[in-house]
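> CSV, C-alpha atoms and all ligand atoms, file target-v3.csv:
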```csv
chain,number,residue,atom,x,y,z
Y,197,MET,CA,165.9,148.6,80.8
Y,198,HIS,CA,162.8,148.0,78.9
Y,199,SER,CA,160.0,150.5,78.6
Y,200,ASP,CA,156.9,150.0,80.7
Y,201,ALA,CA,153.7,148.7,79.3
Y,202,ASP,CA,151.5,151.6,78.4
Y,203,PRO,CA,148.0,151.2,79.9
Y,204,THR,CA,146.5,152.8,76.8
Y,205,ASP,CA,148.2,150.3,74.5
Y,206,ALA,CA,145.4,148.2,73.0
Y,207,HIS,CA,147.7,145.1,72.9
Y,208,HIS,CA,147.8,145.1,76.6
Y,209,ILE,CA,144.3,146.2,77.5
Y,210,ASP,CA,141.5,147.2,75.3
Y,211,ALA,CA,140.3,149.9,77.5
Y,212,SER,CA,137.1,151.8,76.9
Y,213,THR,CA,134.4,150.3,74.9
Y,214,VAL,CA,135.0,146.7,74.4
Y,215,ASP,CA,133.2,144.1,76.5
Y,216,ALA,CA,135.5,141.8,78.4
Y,217,SER,CA,134.1,138.8,76.7
Y,218,THR,CA,134.9,140.1,73.2
Y,219,VAL,CA,138.1,141.9,73.7
Y,220,ASP,CA,140.8,141.1,71.2
Y,221,ALA,CA,143.9,140.9,73.5
Y,222,HIS,CA,146.2,138.3,72.1
Y,223,PRO,CA,148.5,137.1,74.9
Y,224,ALA,CA,151.4,136.7,72.5
Y,225,ASP,CA,151.1,140.4,71.7
Y,226,ALA,CA,150.7,141.2,75.3
Y,227,GLN,CA,154.1,139.9,76.4
Y,228,PRO,CA,156.0,142.7,78.2
Y,229,VAL,CA,158.1,144.6,75.8
Y,230,GLY,CA,161.3,142.7,75.0
Y,231,ALA,CA,160.0,139.3,76.1
Y,232,GLN,CA,161.7,136.5,74.3
Y,233,PRO,CA,159.9,133.4,73.1
Y,234,ILE,CA,160.2,130.8,75.8
Y,235,ASP,CA,161.3,127.2,75.3
Y,236,VAL,CA,159.1,125.9,78.0
Y,237,ARG,CA,160.7,122.4,78.0
Y,238,THR,CA,164.2,123.7,78.4
Y,239,ILE,CA,163.3,125.9,81.3
Y,240,ALA,CA,161.1,123.2,82.9
Y,241,VAL,CA,164.2,121.1,83.0
Y,242,ARG,CA,166.2,123.9,84.5
Y,243,THR,CA,163.6,124.2,87.3
Y,244,ILE,CA,163.5,120.6,88.1
Y,245,GLY,CA,161.7,120.0,91.4
Y,246,VAL,CA,159.5,122.9,90.8
Y,247,GLY,CA,157.0,120.7,88.9
Y,248,VAL,CA,155.4,122.8,86.2
Y,249,GLU,CA,154.9,121.8,82.6
Y,250,ALA,CA,153.5,123.9,79.8
Y,251,ALA,CA,149.9,123.5,78.5
Y,252,GLY,CA,149.7,120.4,76.4
Y,253,GLN,CA,152.5,118.6,78.3
Y,254,PRO,CA,151.7,115.7,80.6
Y,255,ASP,CA,150.3,116.6,84.0
Y,256,ASP,CA,152.6,114.2,85.9
Y,257,GLY,CA,153.6,115.7,89.2
Y,258,LEU,CA,151.3,118.7,89.1
Y,259,ARG,CA,149.1,119.4,92.1
Y,260,PHE,CA,145.9,121.5,91.8
Y,261,ASP,CA,144.0,123.6,94.3
Y,262,ASP,CA,140.3,123.6,94.9
Y,263,THR,CA,139.7,126.2,92.2
Y,264,GLY,CA,141.4,124.0,89.6
Y,265,LYS,CA,144.6,126.1,89.4
Y,266,VAL,CA,148.0,124.5,89.7
Y,267,ALA,CA,149.3,124.7,93.2
Y,268,LEU,CA,152.5,126.7,93.4
Y,269,ASP,CA,152.8,127.1,97.2
Y,270,HIS,CA,156.3,125.6,97.2
Y,271,ILE,CA,157.7,128.5,95.1
Y,272,TYR,CA,156.2,131.1,97.4
Y,273,THR,CA,158.1,129.9,100.4
Y,274,GLN,CA,161.7,129.5,99.2
Y,275,PRO,CA,164.5,131.6,101.0
Y,276,ASP,CA,165.0,133.6,97.7
Y,277,PRO,CA,163.1,134.4,94.6
Y,278,GLN,CA,164.9,132.2,92.1
Y,279,ALA,CA,162.4,129.3,92.0
Y,280,TYR,CA,159.5,131.8,91.9
Y,281,PHE,CA,160.8,133.6,88.8
Y,282,ASN,CA,162.2,130.5,87.0
Y,283,THR,CA,158.8,128.8,87.3
Y,284,LEU,CA,156.6,131.7,86.5
Y,285,ARG,CA,158.8,132.6,83.5
Y,286,THR,CA,157.9,129.3,82.0
Y,287,LEU,CA,154.2,130.3,82.3
Y,288,GLY,CA,154.7,133.8,80.9
Y,289,TYR,CA,153.5,135.3,84.1
Y,290,HIS,CA,153.5,139.1,83.8
Y,291,ILE,CA,150.5,140.6,85.5
Y,292,PRO,CA,152.6,142.8,87.8
Y,293,GLN,CA,154.1,144.3,84.6
Y,294,LEU,CA,150.7,145.1,83.2
Y,295,ALA,CA,149.5,146.4,86.5
Y,296,LYS,CA,152.5,148.7,87.0
Y,297,PRO,CA,151.4,151.7,85.0
Y,298,PHE,CA,148.0,151.6,86.7
Y,299,PHE,CA,149.5,151.5,90.1
Y,300,SER,CA,151.9,154.3,89.2
Y,301,ARG,CA,149.1,156.5,88.2
Y,302,LEU,CA,147.2,155.8,91.4
Y,303,ILE,CA,150.3,156.5,93.4
Y,304,ASP,CA,150.7,159.8,91.6
Y,305,GLU,CA,147.1,160.7,92.3
Y,306,CYS,CA,147.5,159.8,96.0
Y,307,ARG,CA,150.7,161.9,96.2
Y,308,ALA,CA,149.0,164.9,94.5
Y,309,GLN,CA,146.0,164.6,96.9
Y,310,ARG,CA,148.0,164.1,100.1
Y,311,ARG,CA,151.0,166.3,99.2
Y,312,LEU,CA,153.1,163.6,100.8
Y,313,PRO,CA,154.8,160.4,99.5
Y,314,PRO,CA,152.0,157.8,99.8
Y,315,THR,CA,152.2,154.5,101.5
Y,316,VAL,CA,151.3,151.5,99.4
Y,317,LEU,CA,150.2,148.2,100.9
Y,318,ASP,CA,150.7,145.2,98.6
Y,319,ILE,CA,148.5,142.2,99.6
Y,320,GLY,CA,150.3,138.9,98.7
Y,321,CYS,CA,153.5,140.9,98.1
Y,322,SER,CA,155.6,137.7,97.9
Y,323,TYR,CA,159.3,138.7,97.4
Y,324,GLY,CA,158.3,142.4,97.1
Y,325,ILE,CA,157.6,142.1,93.3
Y,326,ASN,CA,155.2,145.0,92.8
Y,327,ALA,CA,157.4,147.2,95.0
Y,328,ALA,CA,160.6,146.2,93.1
Y,329,LEU,CA,159.0,147.1,89.8
Y,330,LEU,CA,157.6,150.4,91.0
Y,331,ARG,CA,160.5,151.7,93.2
Y,332,CYS,CA,163.4,150.5,91.0
Y,333,ASP,CA,161.9,151.1,87.6
Y,334,LEU,CA,162.2,147.4,86.6
Y,335,THR,CA,160.2,145.2,84.3
Y,336,MET,CA,159.2,141.6,84.8
Y,337,ASP,CA,161.7,140.7,82.1
Y,338,ASP,CA,164.4,142.4,84.2
Y,339,LEU,CA,163.3,140.3,87.2
Y,340,PHE,CA,163.3,137.0,85.2
Y,341,GLU,CA,166.8,137.8,84.0
Y,342,ARG,CA,167.9,138.9,87.5
Y,343,TYR,CA,166.9,135.8,89.3
Y,344,GLY,CA,167.1,133.3,86.4
Y,345,GLY,CA,170.9,132.9,86.3
Y,346,GLN,CA,172.4,129.4,86.1
Y,347,PRO,CA,174.0,128.2,88.2
Y,348,SER,CA,171.8,129.7,90.9
Y,349,ALA,CA,173.3,132.4,93.1
Y,350,SER,CA,173.4,132.4,96.9
Y,351,ARG,CA,170.7,134.3,98.8
Y,352,ASP,CA,173.4,136.7,100.2
Y,353,ALA,CA,174.8,137.5,96.8
Y,354,LEU,CA,171.3,138.2,95.5
Y,355,LEU,CA,170.6,140.4,98.5
Y,356,ASP,CA,173.8,142.4,98.1
Y,357,ARG,CA,172.9,143.1,94.5
Y,358,ASP,CA,169.3,144.0,95.3
Y,359,ARG,CA,170.3,146.4,98.1
Y,360,ASP,CA,172.6,148.2,95.7
Y,361,LEU,CA,169.8,148.6,93.3
Y,362,VAL,CA,167.3,149.9,95.9
Y,363,ARG,CA,169.9,152.3,97.2
Y,364,ALA,CA,170.4,153.7,93.7
Y,365,HIS,CA,166.7,154.3,93.3
Y,366,ARG,CA,166.0,155.9,96.7
Y,367,ARG,CA,164.1,159.1,96.3
Y,368,PRO,CA,162.8,161.4,99.1
Y,369,SER,CA,159.4,161.7,97.2
Y,370,GLY,CA,159.2,158.0,96.6
Y,371,ALA,CA,156.2,155.9,97.9
Y,372,ARG,CA,156.7,153.7,101.0
Y,373,PHE,CA,155.9,150.1,100.5
Y,374,VAL,CA,154.4,147.8,103.1
Y,375,GLY,CA,153.8,144.1,102.3
Y,376,LEU,CA,151.3,141.6,103.6
Y,377,ASP,CA,151.9,137.9,102.9
Y,378,THR,CA,151.6,134.6,104.7
Y,379,SER,CA,155.1,133.5,103.5
Y,380,GLU,CA,157.7,134.4,106.1
Y,381,PRO,CA,160.7,133.6,103.8
Y,382,ALA,CA,159.4,135.8,101.0
Y,383,ILE,CA,158.6,138.7,103.3
Y,384,SER,CA,162.0,138.5,105.0
Y,385,TYR,CA,163.7,138.5,101.6
Y,386,ALA,CA,161.7,141.6,100.5
Y,387,LEU,CA,162.6,143.4,103.7
Y,388,ALA,CA,166.2,142.5,103.6
Y,389,ALA,CA,166.5,143.6,100.0
Y,390,GLY,CA,164.8,146.9,100.8
Y,391,PHE,CA,162.0,146.4,98.3
Y,392,LEU,CA,159.6,146.7,101.3
Y,393,ASP,CA,159.9,149.3,104.1
Y,394,GLU,CA,157.7,147.3,106.5
Y,395,ALA,CA,155.7,144.1,106.4
Y,396,VAL,CA,153.0,142.0,108.1
Y,397,CYS,CA,153.3,138.3,107.9
Y,398,ALA,CA,149.9,137.1,108.8
Y,399,ASP,CA,146.9,135.2,107.4
Y,400,LEU,CA,144.1,137.7,107.8
Y,401,GLU,CA,141.6,135.2,106.3
Y,402,GLN,CA,141.8,133.5,109.7
Y,403,ARG,CA,142.0,136.2,112.3
Y,404,ASP,CA,142.1,140.0,113.0
Y,405,PRO,CA,145.4,141.8,112.9
Y,406,THR,CA,147.2,142.1,116.2
Y,407,GLU,CA,147.7,145.7,117.5
Y,408,ALA,CA,151.3,145.7,116.2
Y,409,GLU,CA,150.1,144.5,112.8
Y,410,ARG,CA,147.3,147.0,112.8
Y,411,ALA,CA,149.8,149.8,113.4
Y,412,ARG,CA,151.7,148.8,110.3
Y,413,LEU,CA,148.6,148.5,108.2
Y,414,ASP,CA,146.9,151.7,109.2
Y,415,GLY,CA,149.2,154.1,107.3
Y,416,ALA,CA,148.2,152.7,103.9
Y,417,ASP,CA,146.9,155.2,101.3
Y,418,LEU,CA,146.6,152.7,98.5
Y,419,VAL,CA,146.1,148.9,98.8
Y,420,ILE,CA,147.2,146.9,95.7
Y,421,SER,CA,147.3,143.3,94.7
Y,422,THR,CA,148.3,141.1,91.7
Y,423,GLY,CA,147.7,137.3,91.6
Y,424,CYS,CA,146.5,137.2,95.2
Y,425,ILE,CA,142.7,137.4,95.2
Y,426,GLY,CA,141.5,133.9,95.3
Y,427,TYR,CA,144.1,133.1,98.0
Y,428,VAL,CA,142.5,135.9,100.0
Y,429,SER,CA,138.8,136.8,100.1
Y,430,GLU,CA,136.9,139.8,101.1
Y,431,ARG,CA,137.6,138.9,104.7
Y,432,THR,CA,141.3,140.1,104.3
Y,433,LEU,CA,140.3,143.2,102.4
Y,434,ALA,CA,137.8,144.2,105.1
Y,435,ARG,CA,140.3,143.7,107.9
Y,436,VAL,CA,142.9,145.8,106.0
Y,437,ALA,CA,140.3,148.5,105.3
Y,438,ARG,CA,139.2,148.6,109.0
Y,439,ALA,CA,142.8,148.7,110.2
Y,440,ALA,CA,142.9,152.4,109.2
Y,441,GLY,CA,139.8,153.3,111.2
Y,442,ASP,CA,137.7,155.9,109.3
Y,443,ARG,CA,140.5,156.8,106.9
Y,444,ARG,CA,139.9,154.2,104.2
Y,445,PRO,CA,142.7,153.5,101.8
Y,446,TRP,CA,142.1,153.4,98.0
Y,447,MET,CA,142.3,149.9,96.5
Y,448,ALA,CA,143.3,148.4,93.1
Y,449,HIS,CA,143.2,144.7,92.6
Y,450,PHE,CA,144.0,142.6,89.5
Y,451,VAL,CA,141.8,139.6,89.8
Y,452,LEU,CA,141.4,136.5,87.7
Y,453,ARG,CA,138.0,136.3,86.0
Y,454,MET,CA,137.4,132.9,87.6
Y,455,PHE,CA,137.1,134.7,91.0
Y,456,PRO,CA,133.8,136.7,91.1
Y,457,PHE,CA,134.4,140.2,92.5
Y,458,ALA,CA,130.8,140.7,93.6
Y,459,PRO,CA,131.4,139.6,97.2
Y,460,PHE,CA,134.3,142.0,97.4
Y,461,THR,CA,132.3,144.8,96.0
Y,462,GLU,CA,129.5,144.2,98.5
Y,463,THR,CA,131.8,144.1,101.5
Y,464,LEU,CA,133.6,147.2,100.3
Y,465,ASP,CA,130.3,148.9,99.7
Y,466,GLU,CA,129.3,148.3,103.4
Y,467,LEU,CA,132.7,149.9,104.3
Y,468,GLY,CA,131.9,153.0,102.4
Y,469,TYR,CA,133.6,152.3,99.1
Y,470,GLU,CA,132.6,152.7,95.5
Y,471,THR,CA,134.0,150.1,93.1
Y,472,VAL,CA,134.7,150.6,89.4
Y,473,HIS,CA,135.5,147.7,87.2
Y,474,VAL,CA,138.0,148.9,84.6
Y,475,ASP,CA,137.1,147.9,81.1
Y,476,GLY,CA,139.3,145.4,79.3
Y,477,VAL,CA,141.1,142.2,80.3
Y,478,PHE,CA,144.7,141.5,81.2
Y,479,PRO,CA,146.5,138.3,80.2
Y,480,GLN,CA,148.0,136.9,83.4
Y,481,ARG,CA,149.8,133.7,82.5
Y,482,ARG,CA,149.6,130.6,80.4
Y,483,PHE,CA,147.9,127.5,81.7
Y,484,ALA,CA,150.4,125.1,83.3
Y,485,SER,CA,148.8,122.1,81.6
Y,486,ALA,CA,145.8,121.0,79.6
Y,487,GLN,CA,144.3,119.7,82.8
Y,488,GLU,CA,144.6,123.0,84.5
Y,489,GLN,CA,142.9,124.7,81.6
Y,490,GLU,CA,140.1,122.2,81.6
Y,491,GLN,CA,139.5,122.7,85.3
Y,492,VAL,CA,139.6,126.5,85.2
Y,493,LEU,CA,137.2,126.4,82.2
Y,494,ASP,CA,134.8,124.4,84.5
Y,495,THR,CA,135.2,126.9,87.3
Y,496,LEU,CA,134.5,129.8,84.9
Y,497,ALA,CA,131.4,128.0,83.7
Y,498,SER,CA,130.3,127.5,87.3
Y,499,VAL,CA,130.5,131.3,87.9
Y,500,GLY,CA,128.9,132.2,84.5
Y,501,VAL,CA,131.9,133.7,82.8
Y,502,ASP,CA,132.2,133.1,79.0
Y,503,PRO,CA,135.8,132.0,78.3
Y,504,ARG,CA,135.5,132.0,74.5
Y,505,GLY,CA,138.3,133.8,72.8
Y,506,LEU,CA,140.1,134.2,76.1
Y,507,GLU,CA,140.8,131.3,78.5
Y,508,THR,CA,139.9,128.9,75.7
Y,509,GLU,CA,143.0,130.1,73.9
Y,510,GLY,CA,145.4,129.0,76.6
Y,511,TRP,CA,145.8,132.0,79.0
Y,512,LEU,CA,144.3,133.0,82.3
Y,513,TYR,CA,142.9,136.6,82.3
Y,514,ALA,CA,142.5,139.1,85.0
Y,515,GLN,CA,140.4,142.3,85.5
Y,516,LEU,CA,141.2,145.4,87.4
Y,517,HIS,CA,138.8,146.6,90.1
Y,518,VAL,CA,139.4,150.0,91.7
Y,519,SER,CA,137.6,150.9,94.9
Y,520,ARG,CA,137.7,154.3,96.6
Y,521,PRO,CA,135.8,155.8,99.5
Y,522,ARG,CA,132.6,157.4,98.4
Y,523,SER,CA,133.4,160.4,100.6
Y,524,ALA,CA,136.8,161.0,98.8
Y,525,PRO,CA,136.9,164.4,97.2
Y,526,GLY,CA,136.1,164.4,93.4
Y,527,ARG,CA,134.6,160.9,93.6
Y,528,GLY,CA,131.5,160.3,91.6
Y,529,ALA,CA,129.7,157.7,89.5
Y,530,ASN,CA,130.8,159.0,86.2
Y,531,ARG,CA,134.3,160.2,87.1
Y,532,PRO,CA,136.9,158.4,85.0
Y,533,VAL,CA,138.9,155.8,87.0
Y,534,PHE,CA,142.2,157.3,86.0
Y,535,GLY,CA,141.8,161.1,86.3
Y,536,GLN,CA,144.8,162.0,84.1
Y,537,GLN,CA,143.8,159.6,81.4
Y,538,PRO,CA,142.8,161.1,78.1
Y,539,ALA,CA,139.0,161.0,77.9
Y,540,GLY,CA,137.6,157.8,76.6
Y,541,THR,CA,140.7,155.7,76.8
Y,542,LEU,CA,140.2,154.2,80.2
Y,543,THR,CA,136.8,154.1,81.7
Y,544,GLY,CA,135.1,151.7,84.0
Y,545,ARG,CA,131.7,150.4,85.1
Y,546,ARG,CA,130.5,151.2,88.5
Y,547,ALA,CA,129.5,148.1,90.4
Y,601,LIG,C1,150.7,134.2,92.8
Y,601,LIG,S1,151.6,134.9,94.2
Y,601,LIG,C2,151.5,136.6,93.7
Y,601,LIG,C3,152.7,137.3,94.2
Y,601,LIG,C4,152.9,138.7,93.6
Y,601,LIG,N1,151.8,139.6,94.0
Y,601,LIG,C5,152.9,138.7,92.1
Y,601,LIG,O1,152.0,139.0,91.4
Y,601,LIG,O2,154.0,138.2,91.6
Y,601,LIG,C6,150.4,134.8,95.5
Y,601,LIG,C7,150.9,135.3,96.8
Y,601,LIG,O3,149.8,135.3,97.8
Y,601,LIG,C8,150.4,134.9,99.0
Y,601,LIG,N2,149.3,134.4,99.9
Y,601,LIG,C9,148.6,133.2,99.9
Y,601,LIG,N3,147.6,133.2,100.9
Y,601,LIG,C10,147.7,134.5,101.4
Y,601,LIG,C11,147.0,135.1,102.5
Y,601,LIG,N4,146.0,134.4,103.1
Y,601,LIG,N5,147.3,136.3,102.9
Y,601,LIG,C12,148.3,137.0,102.2
Y,601,LIG,N6,149.0,136.5,101.2
Y,601,LIG,C13,148.7,135.2,100.8
Y,601,LIG,C14,151.3,133.8,98.7
Y,601,LIG,O4,152.2,133.5,99.7
Y,601,LIG,C15,152.0,134.4,97.5
Y,601,LIG,O5,153.1,135.2,97.8
```
Would you give me this structure, written as structure tokens?
Ligand SMILES: C[S@@+](CC[C@H](N)C(=O)[O-])C[C@H]1O[C@@H](n2cnc3c(N)ncnc32)[C@H](O)[C@@H]1O

Amino acid sequence: MHSDADPTDAHHIDASTVDASTVDAHPADAQPVGAQPIDVRTIAVRTIGVGVEAAGQPDDGLRFDDTGKVALDHIYTQPDPQAYFNTLRTLGYHIPQLAKPFFSRLIDECRAQRRLPPTVLDIGCSYGINAALLRCDLTMDDLFERYGGQPSASRDALLDRDRDLVRAHRRPSGARFVGLDTSEPAISYALAAGFLDEAVCADLEQRDPTEAERARLDGADLVISTGCIGYVSERTLARVARAAGDRRPWMAHFVLRMFPFAPFTETLDELGYETVHVDGVFPQRRFASAQEQEQVLDTLASVGVDPRGLETEGWLYAQLHVSRPRSAPGRGANRPVFGQQPAGTLTGRRA
């Protein structure tokens, strides 16, 4: 098992003082510990039908969404996670790995405050990826290995192995995990494996939760997401926040810089939240092709984000936004985002 990324490690995030546009976070350094150099072409061949090529490769067969990003919906809806991990491995996707120590810390804070195991709601949970990392002490490299075997394994065989893993990591003090996603196959895999305790399969961009869905959402103490904002807007976040009535859950979202967080901050502000933008940037994945990079650079320009030294170098970058109810005990404008963090290593800017 590899060690987790340390959030104070300047290779992963330059935390306190450096402006996001000047931070020197080289993605090659920011690979999860133990990541091997990837032969993109070899793996692209192994994932035939998935349709992703590395930056600089021809764009043949790639589809793009309205934001300019490559469309990967087909890997979100397979019966098991093999296509998901095989494809995202070629792109060096590792934002859940970089997010893990931050989420762990917030879970610990929630547990200390509530004196009970907290419930974590993961928006865009897919195959239960954040839950698997957090509850089974795994890394993204572990997951790439786990689901990257050739020839591919059957869904049943993968599930048997995952259930054993979850059983071995069951702790009475462990957090509960609830997932929200539009992909029924991904959610049902995550539930069957035991990565998730409960789930809601719904598109809350389009409608309010039903009573049954609200009941599953309303126990959340902490709402997290990686790689999902952009697919979901502030509409989903507001519906999730309201599902708990007056008891607002904390939130922590890793969001690509191409998606302005201001509309989220405004909506959350109206719901009684204070949002802090954690300093530093987090390399999410490589561009799938030169065309994707060009399109995302256009999107960044249209929202006034300077890509120099970051997205211009071939990687997409995310930022971490943490929102907590203004009424929560100990909250305050100058309070560090991560209470246990040594002073000065991880601060944020209040929105
Ligand atoms: C890039 S994946 C991220 C998955 C996982 N969080 C991770 O970081 O590996 C985006 C996920 O968002 C989900 N998604 C797309 N639209 C959604 C919506 N309206 N509500 C909830 N989830 C959505 C997709 O099905 C997919 O599982």
> Under the rule that all atoms listed in the file are counted, which of Y:Cys397, Y:Ile425, Y:Leu516, Y:Ala371 is the nearest residue to Cys306 of chain Y?
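For Cys306 of chain Y, the nearest of the given residues is Y:Ala371.
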> Here is a test: counting only C-alpha atoms, which residue of Y:Ala295, Y:Ala353, Y:Ile319, Y:Leu302 is nearest to Leu413 of chain Y?
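Among Y:Ala295, Y:Ala353, Y:Ile319, Y:Leu302, it is Y:Ile319 that comes nearest to Leu413 of chain Y.
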> Within 8 Å of segment 449-457 of chain Y, which residues of segment 476-521 of chain Y come that close, and what is the closest atom pair and distance in Å for each? Count all atoms listed in the file and give it as a tab-separated table.

```
residue	atom	partner	partner_atom	distance
Y:Gln480	CA	Y:Leu452	CA	7.9
Y:Val492	CA	Y:Met454	CA	7.2
Y:Thr495	CA	Y:Met454	CA	6.4
Y:Leu496	CA	Y:Met454	CA	5.0
Y:Val499	CA	Y:Met454	CA	7.1
Y:Val501	CA	Y:Met454	CA	7.3
Y:Leu512	CA	Y:Leu452	CA	7.1
Y:Tyr513	CA	Y:Leu452	CA	5.6
Y:Ala514	CA	Y:Leu452	CA	3.9
Y:Gln515	CA	Y:Val451	CA	5.3
Y:Leu516	CA	Y:Phe450	CA	4.5
Y:His517	CA	Y:His449	CA	5.4
Y:Val518	CA	Y:His449	CA	6.6
```
> Quick one: which chain Y residues come within 10 Å of ligand LIG 601 (chain Y), and what is the nearest atom pair for each with the distance in Å to one decimal, counting all atoms listed in the file, rows ordered by chain and ascending number, as a Markdown table?

```
| residue | atom | partner | partner_atom | distance |
| --- | --- | --- | --- | --- |
| Y:Ala267 | CA | Y:LIG601 | C1 | 9.6 |
| Y:Leu268 | CA | Y:LIG601 | C1 | 7.7 |
| Y:Asp269 | CA | Y:LIG601 | O4 | 6.9 |
| Y:His270 | CA | Y:LIG601 | O4 | 9.2 |
| Y:Ile271 | CA | Y:LIG601 | C15 | 8.5 |
| Y:Tyr272 | CA | Y:LIG601 | O5 | 5.2 |
| Y:Thr273 | CA | Y:LIG601 | O4 | 6.9 |
| Y:Tyr280 | CA | Y:LIG601 | O2 | 8.4 |
| Y:Phe281 | CA | Y:LIG601 | O2 | 8.7 |
| Y:Leu284 | CA | Y:LIG601 | O2 | 8.7 |
| Y:Tyr289 | CA | Y:LIG601 | O2 | 8.1 |
| Y:His290 | CA | Y:LIG601 | O1 | 7.7 |
| Y:Ile291 | CA | Y:LIG601 | O1 | 6.3 |
| Y:Pro292 | CA | Y:LIG601 | O1 | 5.3 |
| Y:Gln293 | CA | Y:LIG601 | O1 | 8.9 |
| Y:Ala295 | CA | Y:LIG601 | O1 | 9.2 |
| Y:Asp318 | CA | Y:LIG601 | N1 | 7.3 |
| Y:Ile319 | CA | Y:LIG601 | C12 | 5.8 |
| Y:Gly320 | CA | Y:LIG601 | N6 | 3.7 |
| Y:Cys321 | CA | Y:LIG601 | N1 | 4.6 |
| Y:Ser322 | CA | Y:LIG601 | O5 | 3.5 |
| Y:Tyr323 | CA | Y:LIG601 | O5 | 7.1 |
| Y:Gly324 | CA | Y:LIG601 | C4 | 7.4 |
| Y:Ile325 | CA | Y:LIG601 | O2 | 5.6 |
| Y:Asn326 | CA | Y:LIG601 | N1 | 6.5 |
| Y:Ala327 | CA | Y:LIG601 | N1 | 9.5 |
| Y:Met336 | CA | Y:LIG601 | O2 | 9.2 |
| Y:Gly375 | CA | Y:LIG601 | C12 | 9.0 |
| Y:Leu376 | CA | Y:LIG601 | C12 | 5.7 |
| Y:Asp377 | CA | Y:LIG601 | N6 | 3.6 |
| Y:Thr378 | CA | Y:LIG601 | N6 | 4.8 |
| Y:Ser379 | CA | Y:LIG601 | O4 | 4.8 |
| Y:Glu380 | CA | Y:LIG601 | O4 | 8.5 |
| Y:Pro381 | CA | Y:LIG601 | O4 | 9.4 |
| Y:Ala382 | CA | Y:LIG601 | O5 | 7.1 |
| Y:Ile383 | CA | Y:LIG601 | O5 | 8.5 |
| Y:Val396 | CA | Y:LIG601 | C12 | 9.0 |
| Y:Cys397 | CA | Y:LIG601 | C12 | 7.7 |
| Y:Ala398 | CA | Y:LIG601 | N5 | 6.5 |
| Y:Asp399 | CA | Y:LIG601 | N4 | 4.5 |
| Y:Leu400 | CA | Y:LIG601 | N5 | 6.0 |
| Y:Glu401 | CA | Y:LIG601 | N4 | 5.5 |
| Y:Gln402 | CA | Y:LIG601 | N4 | 7.9 |
| Y:Ile420 | CA | Y:LIG601 | N1 | 8.8 |
| Y:Ser421 | CA | Y:LIG601 | N1 | 5.9 |
| Y:Thr422 | CA | Y:LIG601 | O1 | 4.3 |
| Y:Gly423 | CA | Y:LIG601 | C2 | 4.4 |
| Y:Cys424 | CA | Y:LIG601 | C6 | 4.6 |
| Y:Ile425 | CA | Y:LIG601 | O3 | 7.8 |
| Y:Gly426 | CA | Y:LIG601 | N3 | 8.3 |
| Y:Tyr427 | CA | Y:LIG601 | N3 | 4.5 |
| Y:Val428 | CA | Y:LIG601 | N4 | 4.9 |
| Y:Ser429 | CA | Y:LIG601 | N4 | 8.2 |
| Y:Arg431 | CA | Y:LIG601 | N4 | 9.7 |
| Y:Thr432 | CA | Y:LIG601 | N5 | 7.2 |
| Y:Leu433 | CA | Y:LIG601 | N5 | 9.8 |
| Y:Phe450 | CA | Y:LIG601 | O1 | 9.0 |
| Y:Gln480 | CA | Y:LIG601 | O1 | 9.2 |
```
> Using all atoms listed in the file, which residues sit within 10 Å of Arg372 of chain Y once same-chain residues fewer than 6 positions away are excluded, as a PyMOL selection string?
chain Y and resi 313-317+327+331+391-394+415-417
> Separation of atom CA of Phe340 of chain Y and atom CA of Gly390 of chain Y, in Å?
18.5 Å
> Take segment 510-518 of chain Y, model N, CA and C atoms, and hand the result over as an mmCIF file, in the coordinates of the input.

```cif
data_model
loop_
_atom_site.group_PDB
_atom_site.id
_atom_site.type_symbol
_atom_site.label_atom_id
_atom_site.label_comp_id
_atom_site.auth_asym_id
_atom_site.auth_seq_id
_atom_site.Cartn_x
_atom_site.Cartn_y
_atom_site.Cartn_z
ATOM 1 N N GLY Y 510 144.195 129.482 75.946
ATOM 2 C CA GLY Y 510 145.400 129.000 76.600
ATOM 3 C C GLY Y 510 145.977 129.928 77.692
ATOM 4 N N TRP Y 511 145.312 131.069 77.941
ATOM 5 C CA TRP Y 511 145.800 132.000 79.000
ATOM 6 C C TRP Y 511 144.721 132.280 80.005
ATOM 7 N N LEU Y 512 145.165 132.531 81.228
ATOM 8 C CA LEU Y 512 144.300 133.000 82.300
ATOM 9 C C LEU Y 512 144.211 134.563 82.147
ATOM 10 N N TYR Y 513 143.038 135.120 82.366
ATOM 11 C CA TYR Y 513 142.900 136.600 82.300
ATOM 12 C C TYR Y 513 142.376 137.185 83.561
ATOM 13 N N ALA Y 514 142.869 138.400 83.816
ATOM 14 C CA ALA Y 514 142.500 139.100 85.000
ATOM 15 C C ALA Y 514 141.696 140.402 84.618
ATOM 16 N N GLN Y 515 140.989 140.941 85.610
ATOM 17 C CA GLN Y 515 140.400 142.300 85.500
ATOM 18 C C GLN Y 515 140.844 143.144 86.595
ATOM 19 N N LEU Y 516 140.747 144.456 86.353
ATOM 20 C CA LEU Y 516 141.200 145.400 87.400
ATOM 21 C C LEU Y 516 139.933 146.053 88.018
ATOM 22 N N HIS Y 517 139.908 146.005 89.344
ATOM 23 C CA HIS Y 517 138.800 146.600 90.100
ATOM 24 C C HIS Y 517 139.422 147.685 91.007
ATOM 25 N N VAL Y 518 138.895 148.884 90.902
ATOM 26 C CA VAL Y 518 139.400 150.000 91.700
ATOM 27 C C VAL Y 518 138.317 150.468 92.638
#
```
